[in-house]
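Q: I have a structure I would like to understand better, so I am pasting it below and will then ask my questions one at a time.
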Amino acid sequence: MLLRKPNSLDGCDIPSSQITPREKFEQFTRDRRSFLSGAAALGATTLAADRLGNIFEPGTDVRAAGKLATVQGTITTTGEQLTSYQDLTTFNNYYEFGVDKSDPSKNAGGLPTRPWTIHVSGLVQKEQTFDIDSILKMHALENRTYRHRCVEGWSMVIPWVGYSFSEFVKQCQPLSSAKYVQFLSYFNKKVEKWSGESSIDWPYSEGLRMDEAMNPLTLLTVGLYGDVLPNQNGAPVRMVLPWKYGFKSAKSTVAIRFLDKQPPTTWNDLAPNEYGFYSNVNPNVDHPRWSQKTERRIGQPFYAQRRPTLMFNGYGDYVASMYNGMDLRKYY
Ligand SMILES: Nc1nc2c(c(=O)[nH]1)N[C@H]1C(S)=C(S)[C@@H](COP(=O)(O)O)O[C@H]1N2
Ligand SMILES: [Mo]
């Protein structure tokens, strides 16, 4: 499939006049730096590290010091305001680290992100283990801003860093019999002491049909806002599927399996009538307990008007054809 330029992917035809200027990113870097040095002055470096996950030394340039110095392209918007770094790193779903939105930023500090490998197995030429540092070098890293719609009815606009998952799949050499891909997240009860708060059968598992996995929008994600992923956002590597509800995007990926059958997935196992395998964002198919027609954008005041949710989260031009002829009420 043709790989479009990241900017056109980002915006779904947003004019270049709406691309966020570089200065905005620079401003963000300064704000973050002064926040960090302020925290250090107060003797609260550990707190800052816990809250932000992977951080750079105050006073150094994020591009020079960060592990992601090679990111290509400027951070762009979808024509909408980016969700602030603060909001997208303190309002998270990561149930291994607790069920409240504020828990992952407080609790994920102990996630060991090095050494880190992804084990690839199933219907492949040969089983392989990829080290995170080789994954980072496999393809040029791109800034890709995507809307993120959680099944709970809120949304964000997130400047991710990564590259198309299809580039990684090439290295995995799947057999033609592979029809599905399964993603498994890191799980260690000693590190993720909060995992007992929910009745999830760990590790977190998600899955895609092969064509969905190969879609150029499907992002193997290693960073956000130009830097490495904070732990609470799924460090050091996770999936992002912008046309699906957020739970399809498994965090902290440690294993990928190529299969001929649809894999079991965490939320579908837990409540099959509420969470389907496909889980494409669809304002016309309500959750049994609430409407999916509108959403609240995180960072806006709670009394702000909810915005209409878009079919496929607005990415229909890139993904709708994969579901031609499918009854999306049945395959929700
Ligand atoms: N391993 C794992 N992955 C996960 C989750 C989780 O609890 N555990 N939550 C999912 C849900 S419901 C959402 S909305 C997104 C949140 O990603 P973010 O915190 O980076 O915005 O992660 C998804 N991936
Ligand atoms: Mo979610």
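If you're wondering about the labels, chains in the structure tokens are A, B, ... by order shown, residues count from 1 in each chain, ligands from 1 in order shown.
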Got a sec to check which residues lie within 6 Å of ligand 2, using only C-alpha atoms and all ligand atoms, and send them as a list in words?
A: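 Checking only C-alpha atoms and all ligand atoms against ligand 2 at 6 Å gives Cys150, Val151, Gly246 and Phe247 of chain A.
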Q: Within 8 Å of ligand 1, which residues show up when you count only C-alpha atoms and all ligand atoms? List them as JSON, numbers by chain, please.
A: {"A": [88, 89, 91, 92, 93, 94, 95, 96, 97, 148, 149, 150, 151, 152, 156, 184, 185, 186, 203, 204, 205, 232, 233, 234, 245, 246, 247, 248, 249, 250, 251, 252, 253]}
Q: Compare A:Val254, A:Gln86, A:Lys244, A:Ile132 by their minimum atom-to-atom distance to Asn188 (chain A), counting only C-alpha atoms, and give me the closest one.
A: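 Result for the nearest residue to Asn188 (chain A): A:Val254.
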Q: Mind pulling up the distance from CA of Tyr332 (chain A) to CA of Asp260 (chain A)?
A: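 Distance between the two atoms: 20.5 Å.
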Q: For the structure I just gave you, how does DSSP split region 79-178 of chain A - specifically, which residues are strand (DSSP E)? Reply as an NGL selection string.
A: :A and (117-122 or 128-131 or 142-149 or 154-164)
Q: For those residues, write C-alpha atoms to a file as an mmCIF file, in the first residue's frame.
A:
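In the end it all went to result35.cif:
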```cif
data_model
loop_
_atom_site.group_PDB
_atom_site.id
_atom_site.type_symbol
_atom_site.label_atom_id
_atom_site.label_comp_id
_atom_site.auth_asym_id
_atom_site.auth_seq_id
_atom_site.Cartn_x
_atom_site.Cartn_y
_atom_site.Cartn_z
ATOM 1 C CA THR A 117 12.516 -6.730 23.596
ATOM 2 C CA ILE A 118 9.533 -7.652 21.443
ATOM 3 C CA HIS A 119 9.210 -11.366 20.847
ATOM 4 C CA VAL A 120 7.662 -12.221 17.465
ATOM 5 C CA SER A 121 6.153 -15.668 16.975
ATOM 6 C CA GLY A 122 3.344 -17.641 15.338
ATOM 7 C CA GLN A 128 12.601 -13.525 16.332
ATOM 8 C CA THR A 129 13.332 -11.261 19.278
ATOM 9 C CA PHE A 130 13.827 -7.589 18.463
ATOM 10 C CA ASP A 131 15.643 -5.287 20.843
ATOM 11 C CA GLU A 142 8.042 10.566 12.246
ATOM 12 C CA ASN A 143 5.905 13.044 14.149
ATOM 13 C CA ARG A 144 2.295 11.989 13.631
ATOM 14 C CA THR A 145 -0.485 13.888 15.294
ATOM 15 C CA TYR A 146 -3.626 11.803 15.733
ATOM 16 C CA ARG A 147 -6.980 12.274 17.372
ATOM 17 C CA HIS A 148 -7.506 9.758 20.171
ATOM 18 C CA ARG A 149 -11.057 8.741 21.090
ATOM 19 C CA TRP A 154 -13.456 11.673 25.939
ATOM 20 C CA SER A 155 -10.849 12.545 23.350
ATOM 21 C CA MET A 156 -7.412 14.100 22.915
ATOM 22 C CA VAL A 157 -5.142 15.266 20.078
ATOM 23 C CA ILE A 158 -1.716 13.687 20.530
ATOM 24 C CA PRO A 159 1.577 14.340 18.711
ATOM 25 C CA TRP A 160 2.966 10.801 18.649
ATOM 26 C CA VAL A 161 6.382 9.709 17.384
ATOM 27 C CA GLY A 162 6.853 6.443 15.522
ATOM 28 C CA TYR A 163 6.588 4.833 12.118
ATOM 29 C CA SER A 164 4.060 2.682 10.286
#
```
Q: Could you please determine the separation between CA of Val228 (chain A) and CA of Glu206 (chain A) in Å, to one decimal place?
A: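 Going from CA of Val228 (chain A) over to CA of Glu206 (chain A), I get 22.5 Å.
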Q: Counting only C-alpha atoms, what is within 9 Å of Val169 (chain A), bar same-chain residues fewer than 4 positions away, as a ChimeraX atom specification?
A: /A:165,173-174,213-214
Q: If we count only C-alpha atoms, what is near Leu208 (chain A) at a cut-off of 9 Å, once residues fewer than 2 positions away on the same chain are taken out, given as a PyMOL selection string?
A: chain A and resi 179-183+206+210-213+248+262-263+277-278
Q: A:Arg329, A:Lys293, A:Arg257, A:Lys190: which is nearest Cys172 (chain A), counting only C-alpha atoms?
A: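 Nearest to Cys172 (chain A): A:Arg257.
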Q: Once DSSP has gone over the backbone, tell me which residues of region 50-197 of chain A are in alpha helix (DSSP H), as a VMD selection string.
A: chain A and resid 50 to 52 62 to 65 85 to 90 103 to 107 132 to 137 165 to 172
